[in-house]
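The structure file work35.txt is reproduced below (compact mmCIF, C-alpha atoms).
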```
# COMPACT_ATOMS: atom_id res chain seq x y z
CA MET A 20 25.03 80.08 -106.27
CA THR A 21 21.80 80.34 -104.35
CA GLY A 22 21.95 78.89 -100.89
CA GLN A 23 20.15 78.80 -97.63
CA SER A 24 19.60 82.33 -96.41
CA LYS A 25 21.16 83.54 -93.23
CA PRO A 26 18.69 83.84 -90.30
CA VAL A 27 17.27 87.36 -90.16
CA ILE A 28 18.54 89.40 -87.22
CA SER A 29 17.69 92.98 -86.33
CA PRO A 30 20.28 95.78 -86.46
CA TRP A 31 20.25 95.91 -82.67
CA GLY A 32 20.84 92.17 -82.47
CA GLY A 33 23.73 92.38 -84.94
CA ALA A 34 25.19 95.35 -83.05
CA VAL A 35 25.03 93.62 -79.67
CA ALA A 36 26.49 90.42 -81.12
CA GLY A 37 29.38 92.29 -82.77
CA ALA A 38 30.11 94.45 -79.71
CA THR A 39 30.01 91.43 -77.39
CA GLY A 40 32.45 89.50 -79.56
CA ALA A 41 34.76 92.51 -79.91
CA VAL A 42 34.91 93.26 -76.17
CA LEU A 43 35.53 89.61 -75.28
CA ALA A 44 38.23 89.23 -77.93
CA ASN A 45 40.04 92.46 -77.05
CA ALA A 46 39.89 91.79 -73.31
CA LEU A 47 41.53 88.40 -73.82
CA VAL A 48 44.47 89.76 -75.83
CA TYR A 49 44.63 93.33 -74.48
CA PRO A 50 48.36 93.29 -73.56
CA LEU A 51 49.13 92.92 -77.27
CA ASP A 52 47.80 96.46 -77.68
CA MET A 53 50.99 97.58 -75.99
CA PHE A 54 52.88 96.59 -79.10
CA VAL A 55 50.23 97.29 -81.70
CA LEU A 56 48.68 100.59 -80.74
CA PRO A 57 50.55 103.43 -79.10
CA LEU A 58 50.58 103.19 -75.34
CA ARG A 59 52.55 105.95 -73.65
CA PRO A 60 55.00 108.48 -74.91
CA LEU A 61 57.06 105.72 -76.33
CA PRO A 62 55.72 104.64 -79.41
CA ILE A 63 56.38 101.16 -78.80
CA ASN A 64 55.85 100.09 -82.33
CA ILE A 65 53.42 102.42 -84.01
CA GLN A 66 53.49 105.84 -82.42
CA VAL A 67 55.44 108.51 -84.28
CA GLN A 68 58.92 108.75 -82.83
CA GLU A 69 62.37 110.21 -83.34
CA ARG A 70 65.53 108.19 -83.09
CA PRO A 71 68.00 109.53 -80.55
CA LYS A 72 70.88 111.28 -82.27
CA ALA A 73 74.41 110.16 -81.51
CA GLY A 74 75.99 112.21 -78.73
CA ALA A 75 72.75 114.05 -77.95
CA ALA A 76 71.67 114.36 -74.33
CA VAL A 77 68.54 112.40 -73.53
CA SER A 78 65.94 114.16 -71.41
CA LYS A 79 64.26 112.20 -68.65
CA GLU A 80 60.93 113.40 -69.96
CA ALA A 81 61.74 112.33 -73.49
CA ALA A 82 59.83 109.40 -74.90
CA PRO A 83 61.80 106.18 -74.52
CA HIS A 84 62.84 104.58 -77.79
CA TYR A 85 62.16 100.86 -78.08
CA ALA A 86 64.39 98.80 -80.29
CA SER A 87 61.94 95.92 -80.63
CA THR A 88 58.74 94.40 -79.30
CA TRP A 89 60.71 92.29 -76.80
CA ASP A 90 62.61 95.38 -75.65
CA ALA A 91 59.27 97.11 -75.05
CA ILE A 92 57.90 94.14 -73.07
CA THR A 93 60.91 93.85 -70.76
CA ARG A 94 61.24 97.57 -70.10
CA ILE A 95 57.54 98.12 -69.44
CA LEU A 96 57.46 95.19 -67.02
CA GLN A 97 60.57 96.53 -65.32
CA ASP A 98 59.24 100.09 -65.00
CA GLU A 99 55.56 99.48 -64.29
CA GLY A 100 55.05 95.82 -63.55
CA ILE A 101 52.37 93.57 -65.00
CA GLU A 102 49.70 96.26 -64.62
CA GLY A 103 51.61 98.35 -67.12
CA LEU A 104 50.46 95.95 -69.84
CA TYR A 105 46.84 96.83 -69.05
CA THR A 106 47.11 100.62 -69.12
CA GLY A 107 43.95 102.29 -70.43
CA MET A 108 42.06 99.00 -70.67
CA SER A 109 38.69 100.37 -69.50
CA GLY A 110 38.78 103.25 -71.96
CA SER A 111 40.00 101.01 -74.75
CA LEU A 112 37.23 98.45 -74.21
CA LEU A 113 34.67 101.28 -74.10
CA GLY A 114 35.99 102.43 -77.47
CA VAL A 115 35.93 98.87 -78.83
CA ALA A 116 32.36 98.34 -77.66
CA SER A 117 31.05 101.63 -79.07
CA THR A 118 32.90 101.33 -82.37
CA ASN A 119 31.84 97.75 -83.04
CA PHE A 120 28.27 98.34 -81.84
CA ALA A 121 27.94 101.28 -84.24
CA TYR A 122 29.68 99.45 -87.09
CA PHE A 123 27.59 96.28 -86.92
CA TYR A 124 24.40 98.29 -86.39
CA TRP A 125 24.94 100.29 -89.58
CA TYR A 126 26.40 97.26 -91.40
CA THR A 127 23.21 95.28 -90.75
CA ILE A 128 21.07 98.22 -91.87
CA VAL A 129 22.93 98.97 -95.11
CA ARG A 130 23.02 95.28 -96.08
CA THR A 131 19.29 94.93 -95.36
CA VAL A 132 18.43 98.08 -97.30
CA TYR A 133 20.60 97.00 -100.24
CA ALA A 134 19.11 93.49 -100.27
CA GLY A 135 15.59 94.94 -100.20
CA TYR A 136 16.40 97.39 -102.99
CA THR A 137 18.05 94.90 -105.34
CA LYS A 138 15.92 91.87 -104.39
CA SER A 139 18.86 89.71 -105.47
CA THR A 140 19.07 86.08 -104.34
CA THR A 141 22.73 85.68 -105.31
CA ALA A 142 25.77 86.52 -103.19
CA ASN A 143 27.00 90.11 -103.34
CA SER A 144 30.09 90.82 -105.43
CA THR A 145 33.38 91.71 -103.77
CA ALA A 146 33.02 95.36 -104.84
CA THR A 147 29.52 95.49 -103.34
CA GLU A 148 30.66 93.99 -100.05
CA LEU A 149 33.54 96.50 -99.83
CA SER A 150 31.21 99.40 -100.60
CA LEU A 151 28.62 98.34 -98.02
CA GLY A 152 31.32 97.85 -95.41
CA ALA A 153 32.90 101.24 -96.17
CA LEU A 154 29.54 103.02 -95.89
CA ALA A 155 28.80 101.34 -92.55
CA GLY A 156 32.28 102.19 -91.29
CA ALA A 157 31.93 105.86 -92.27
CA LEU A 158 28.61 106.18 -90.46
CA ALA A 159 30.03 104.48 -87.37
CA GLN A 160 33.12 106.73 -87.28
CA LEU A 161 31.04 109.90 -87.15
CA PHE A 162 29.54 108.77 -83.84
CA THR A 163 32.47 107.00 -82.18
CA ILE A 164 35.67 108.84 -83.11
CA PRO A 165 35.63 111.06 -79.96
CA VAL A 166 36.04 107.93 -77.84
CA ALA A 167 38.92 106.77 -80.05
CA VAL A 168 40.65 110.16 -79.82
CA VAL A 169 40.42 110.27 -76.02
CA THR A 170 41.57 106.67 -75.50
CA THR A 171 44.46 107.11 -77.94
CA ARG A 172 45.60 110.27 -76.11
CA GLN A 173 45.22 108.45 -72.77
CA GLN A 174 47.22 105.45 -73.95
CA THR A 175 50.05 107.50 -75.42
CA ALA A 176 50.54 109.59 -72.29
CA SER A 177 53.58 108.98 -70.11
CA LYS A 178 53.08 107.44 -66.69
CA ALA A 179 53.56 110.83 -65.02
CA GLU A 180 51.08 112.58 -67.34
CA ARG A 181 48.49 109.82 -67.51
CA LYS A 182 44.92 110.84 -66.57
CA GLY A 183 41.51 109.27 -66.40
CA LEU A 184 39.14 109.05 -69.35
CA LEU A 185 37.13 112.21 -68.53
CA ALA A 186 40.21 114.24 -67.57
CA THR A 187 41.88 113.24 -70.83
CA GLY A 188 38.78 114.25 -72.77
CA LYS A 189 38.84 117.64 -71.02
CA GLU A 190 42.50 118.03 -71.96
CA VAL A 191 41.65 117.42 -75.62
CA VAL A 192 38.80 119.96 -75.55
CA GLU A 193 41.04 122.55 -73.88
CA GLY A 194 43.70 122.04 -76.54
CA PRO A 195 44.28 124.26 -79.60
CA ASP A 196 41.45 122.64 -81.59
CA GLY A 197 38.75 123.01 -78.92
CA VAL A 198 35.75 120.69 -79.10
CA SER A 199 36.60 119.84 -82.71
CA GLY A 200 39.72 118.18 -81.31
CA LEU A 201 37.48 115.26 -80.35
CA TRP A 202 37.07 114.61 -84.06
CA ARG A 203 40.79 114.96 -84.82
CA GLY A 204 41.78 112.45 -87.45
CA LEU A 205 38.23 112.10 -88.77
CA LYS A 206 39.42 112.30 -92.37
CA ALA A 207 42.04 109.67 -91.61
CA SER A 208 39.43 107.50 -89.91
CA LEU A 209 37.11 107.82 -92.89
CA VAL A 210 39.94 106.70 -95.15
CA LEU A 211 40.59 103.80 -92.79
CA VAL A 212 37.04 102.48 -93.12
CA ILE A 213 38.56 100.46 -95.93
CA ASN A 214 40.11 98.28 -93.19
CA PRO A 215 36.82 96.92 -91.78
CA ALA A 216 35.39 97.05 -95.30
CA ILE A 217 38.15 94.72 -96.52
CA THR A 218 37.86 92.61 -93.36
CA TYR A 219 34.11 91.98 -93.48
CA GLY A 220 33.92 92.05 -97.26
CA ALA A 221 36.60 89.34 -97.42
CA TYR A 222 34.84 87.43 -94.63
CA GLU A 223 31.52 87.37 -96.48
CA ARG A 224 33.17 86.44 -99.78
CA LEU A 225 35.25 83.66 -98.22
CA LYS A 226 32.18 82.40 -96.42
CA ASP A 227 30.11 82.28 -99.61
CA THR A 228 32.98 80.67 -101.53
CA LEU A 229 34.13 78.08 -98.98
CA TYR A 230 30.81 77.34 -97.29
CA PRO A 231 28.06 78.05 -99.85
CA GLY A 232 24.51 77.69 -98.60
CA ARG A 233 25.52 77.57 -94.92
CA SER A 234 23.32 79.67 -92.61
CA SER A 235 25.86 79.44 -89.77
CA LEU A 236 29.45 78.35 -89.29
CA LYS A 237 31.17 76.13 -86.78
CA PRO A 238 33.24 78.09 -84.23
CA TRP A 239 36.58 77.08 -85.72
CA GLU A 240 35.38 77.94 -89.25
CA ALA A 241 34.29 81.42 -88.15
CA PHE A 242 37.59 81.87 -86.32
CA LEU A 243 39.72 81.01 -89.36
CA LEU A 244 37.68 83.13 -91.76
CA GLY A 245 37.71 86.11 -89.40
CA ALA A 246 41.44 85.83 -88.72
CA THR A 247 42.35 85.44 -92.39
CA SER A 248 40.22 88.38 -93.53
CA LYS A 249 41.71 90.64 -90.84
CA ALA A 250 45.27 89.71 -91.80
CA LEU A 251 44.56 90.68 -95.43
CA ALA A 252 43.08 94.01 -94.34
CA THR A 253 45.99 94.78 -92.01
CA ILE A 254 48.65 94.22 -94.66
CA ALA A 255 46.79 96.51 -97.04
CA THR A 256 46.22 99.38 -94.58
CA GLN A 257 49.13 99.35 -92.08
CA PRO A 258 50.71 102.65 -93.32
CA LEU A 259 47.35 104.36 -92.89
CA ILE A 260 46.97 102.92 -89.38
CA VAL A 261 50.41 104.24 -88.41
CA ALA A 262 49.59 107.69 -89.83
CA LYS A 263 46.22 107.83 -88.04
CA VAL A 264 47.90 107.09 -84.71
CA GLY A 265 50.31 109.95 -85.38
CA LEU A 266 47.40 112.31 -86.02
CA GLN A 267 45.64 111.43 -82.76
CA SER A 268 48.67 111.15 -80.46
CA LYS A 269 50.59 113.93 -78.76
CA PRO A 270 53.13 115.32 -81.25
CA PRO A 271 56.85 114.51 -80.81
CA PRO A 272 58.88 117.03 -78.71
CA SER A 273 60.60 118.48 -81.79
CA ARG A 274 57.27 119.84 -83.05
CA ASN A 275 56.86 121.99 -79.92
CA GLY A 276 53.25 120.97 -79.36
CA ARG A 277 52.19 121.47 -82.99
CA PRO A 278 49.89 118.56 -83.93
CA PHE A 279 50.09 116.92 -87.33
CA LYS A 280 47.50 118.17 -89.79
CA SER A 281 47.35 115.46 -92.43
CA PHE A 282 48.23 111.92 -93.42
CA GLY A 283 50.96 113.20 -95.69
CA GLU A 284 52.58 115.27 -92.94
CA VAL A 285 52.74 112.31 -90.57
CA MET A 286 54.08 109.97 -93.25
CA ALA A 287 56.76 112.48 -94.31
CA PHE A 288 57.89 112.87 -90.70
CA ILE A 289 58.06 109.11 -90.18
CA ILE A 290 60.02 108.52 -93.39
CA GLU A 291 62.44 111.33 -92.49
CA ASN A 292 63.09 110.00 -88.98
CA GLU A 293 62.64 106.25 -89.39
CA GLY A 294 62.83 105.47 -93.08
CA LEU A 295 60.21 103.99 -95.39
CA LEU A 296 59.88 100.81 -93.33
CA GLY A 297 58.71 103.00 -90.45
CA LEU A 298 55.32 103.08 -92.13
CA PHE A 299 55.04 99.33 -91.50
CA LYS A 300 56.30 99.30 -87.93
CA GLY A 301 54.32 97.08 -85.62
CA ILE A 302 52.82 95.06 -88.46
CA GLY A 303 53.91 91.75 -86.92
CA PRO A 304 52.14 92.27 -83.58
CA GLN A 305 49.30 93.99 -85.46
CA ILE A 306 48.68 90.89 -87.58
CA MET A 307 49.07 88.63 -84.54
CA LYS A 308 46.58 90.64 -82.53
CA GLY A 309 44.21 91.02 -85.47
CA PHE A 310 44.40 87.28 -86.17
CA LEU A 311 43.36 86.47 -82.59
CA VAL A 312 40.89 89.31 -82.05
CA GLN A 313 39.05 89.01 -85.35
CA GLY A 314 38.99 85.23 -85.10
CA ILE A 315 37.50 85.33 -81.59
CA LEU A 316 35.19 88.23 -82.55
CA MET A 317 33.64 86.46 -85.54
CA MET A 318 33.46 83.14 -83.70
CA THR A 319 31.64 84.83 -80.80
CA LYS A 320 29.47 86.99 -83.06
CA GLU A 321 28.23 83.95 -84.99
CA ARG A 322 27.30 82.24 -81.71
CA VAL A 323 25.61 85.31 -80.21
CA GLU A 324 23.66 85.92 -83.42
CA LEU A 325 22.49 82.30 -83.34
CA LEU A 326 21.41 82.75 -79.71
CA PHE A 327 19.45 85.87 -80.70
CA VAL A 328 17.72 83.97 -83.51
CA LEU A 329 16.84 81.05 -81.22
CA PHE A 330 15.66 83.45 -78.50
CA PHE A 331 13.33 85.34 -80.84
CA ARG A 332 12.02 82.06 -82.28
CA TRP A 333 11.28 80.90 -78.74
CA LEU A 334 9.43 84.16 -78.02
CA ALA A 335 7.45 83.79 -81.25
CA ASN A 336 6.50 80.20 -80.41
CA LEU A 337 5.58 81.21 -76.87
CA ARG A 338 3.40 84.04 -78.17
CA SER A 339 1.81 81.70 -80.71
CA LYS A 340 1.00 79.13 -78.02
CA LYS A 341 -0.52 81.79 -75.77
CA VAL A 342 -2.66 83.10 -78.62
CA SER A 343 -3.73 79.56 -79.47
CA GLN A 344 -4.57 78.81 -75.84
CA ALA A 345 -6.50 82.07 -75.52
CA ALA A 346 -8.45 81.32 -78.70
CA THR A 347 -9.24 77.82 -77.45
CA ALA A 348 -10.40 79.20 -74.11
CA VAL A 349 -12.65 81.78 -75.79
CA ALA A 350 -14.11 79.13 -78.09
CA SER A 351 -14.71 76.82 -75.13
CA GLN A 352 -16.45 79.56 -73.15
CA SER A 353 -18.59 80.48 -76.16
CA ALA A 354 -19.61 76.86 -76.63
CA THR A 355 -20.49 76.58 -72.95
CA LEU A 356 -22.64 79.69 -73.06
CA LEU A 357 -24.46 78.43 -76.15
CA THR A 358 -25.23 75.05 -74.57
CA THR A 359 -26.52 76.60 -71.33
CA LYS A 360 -28.94 78.75 -73.28
```
Structure rendered as structure tokens:
Amino acid sequence: MTGQSKPVISPWGGAVAGATGAVLANALVYPLDMFVLPLRPLPINIQVQERPKAGAAVSKEAAPHYASTWDAITRILQDEGIEGLYTGMSGSLLGVASTNFAYFYWYTIVRTVYAGYTKSTTANSTATELSLGALAGALAQLFTIPVAVVTTRQQTASKAERKGLLATGKEVVEGPDGVSGLWRGLKASLVLVINPAITYGAYERLKDTLYPGRSSLKPWEAFLLGATSKALATIATQPLIVAKVGLQSKPPPSRNGRPFKSFGEVMAFIIENEGLLGLFKGIGPQIMKGFLVQGILMMTKERVELLFVLFFRWLANLRSKKVSQAATAVASQSATLLTTK
């Protein structure tokens, strides 16, 4: 179905809108990261872990094992207080801003290039949307994965070993992989571009299906579409998310500092120590966080994009008025000169 086209916005405008929405959304629900992404040596829910063996002595330096999300909440609050729920927030938001800025920048470019190449007036197919999203995600990962590696290492460090963003980055570079350690998990991240590809591909398809011909959505409509699309993507990619975290985190003590080398190695370790369901650990909080974050992100992005469009229209009208006034003034002066002669 052919509908009203979406207002044109530059790649920079799309990038700023996406990054703004992502930072706002993640800042509002940041404590949920404690139970979605690995913070500390624990794993809380996602980080690779080993179950304590019966009768084995537990080292004080060993990573605590959390039985559930509620167990993690109560013990973190007990050990570190409310600030413990906001560990690594500055680095995390920096990663969120850079990743989403890069993603939406390239996403806007690849969609624009594709639309110009095909000159199609109909909505893109699901396969096309997924492909465009995956390409944008791959390009974004090449530039932003060092930030993700450093913040993941920072968040998974114990309280005693926790360092600042730059110090953690130095630790990664001085590790066994050298500078290339900043791109650890790149292959995994490239595989995981299917997550945002599914998310934004589903968003665009749902938008075209449920609201055909609409150039913009109401805030609650954007929220529901964004939240639903993220939930679908999370269910499909959770095992890959868990494995990627394992690749970028400090290895468990039993590996004697040897980092994981591949998706398969991480998954095999998890299955051996935690069973098959270990690949889906943290999926409840992950969906909850994704539902809120993606909903807020898309709701905010739609509003910011609209503000950009209105702002540029205002500039264009202002420029047009000034040109018109200047032309009128020149014509008036010319007429005056002619009459005086």
Box centre and edge lengths (Å, one decimal), axis-aligned, segment 256-273 of chain A plus 4 Å each side, as lines of an AutoDock Vina configuration file:
```
center_x = 53.1
center_y = 108.9
center_z = -86.6
size_x = 23.0
size_y = 27.1
size_z = 23.9
```
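When only C-alpha atoms are used to compute distances to Ser248 of chain A, the closest of the residues A:Pro278, A:Pro231, A:Gly309, A:Gly152 turns out to be A:Gly309.
With distances restricted to all atoms listed in the file, A:Val115 is the closest residue to Thr163 of chain A from A:Leu236, A:Phe310, A:Tyr124, A:Val115.
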Can you pull out the residues contacting Val210 of chain A? Cut-off 9 Å, using all atoms listed in the file, and skip same-chain residues under 5 positions away; I want them as a list of chain:residue names. A:Ala153, A:Ala157, A:Leu205, A:Leu259
Give me a file of those residues, with C-alpha atoms, as an mmCIF file, in the frame of the given file.
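Contents of result_11.cif, as written:
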```
data_model
loop_
_atom_site.group_PDB
_atom_site.id
_atom_site.type_symbol
_atom_site.label_atom_id
_atom_site.label_comp_id
_atom_site.auth_asym_id
_atom_site.auth_seq_id
_atom_site.Cartn_x
_atom_site.Cartn_y
_atom_site.Cartn_z
ATOM 1 C CA ALA A 153 32.900 101.240 -96.170
ATOM 2 C CA ALA A 157 31.930 105.860 -92.270
ATOM 3 C CA LEU A 205 38.230 112.100 -88.770
ATOM 4 C CA LEU A 259 47.350 104.360 -92.890
#
```
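You will find atom CA of Arg130 of chain A at 11.5 Å from atom CA of Gly33 of chain A.
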Please, what distance in Å, to one decimal, runs between atom CA of Val285 of chain A and atom CA of Glu99 of chain A? 29.4 Å
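Atom to atom, atom CA of Val192 of chain A and atom CA of Pro271 of chain A stand 19.6 Å apart.
Distances to Tyr122 of chain A were evaluated for A:Gln160, A:Ser29, A:Lys320, A:Arg338 using only C-alpha atoms, and the minimum falls at A:Gln160.
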My list of candidates is A:Pro30, A:Pro195, A:Pro50, A:Pro165. Which is closest to Glu102 of chain A when distances are computed with all atoms listed in the file? A:Pro50
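Here the selection is built from only C-alpha atoms, and the residues within 9 Å of (44.1, 97.4, -92.3) turn out to be A:Leu211, A:Val212, A:Ile213, A:Asn214, A:Pro215, A:Ile217, A:Thr218, A:Lys249, A:Ala250, A:Leu251, A:Ala252, A:Thr253, A:Ile254, A:Ala255, A:Thr256, A:Gln257, A:Pro258, A:Leu259, A:Ile260.
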Contact residues around Gly40 of chain A with all atoms listed in the file at 8 Å, ignoring same-chain residues under 6 positions, as an NGL selection string: :A and (315-320)
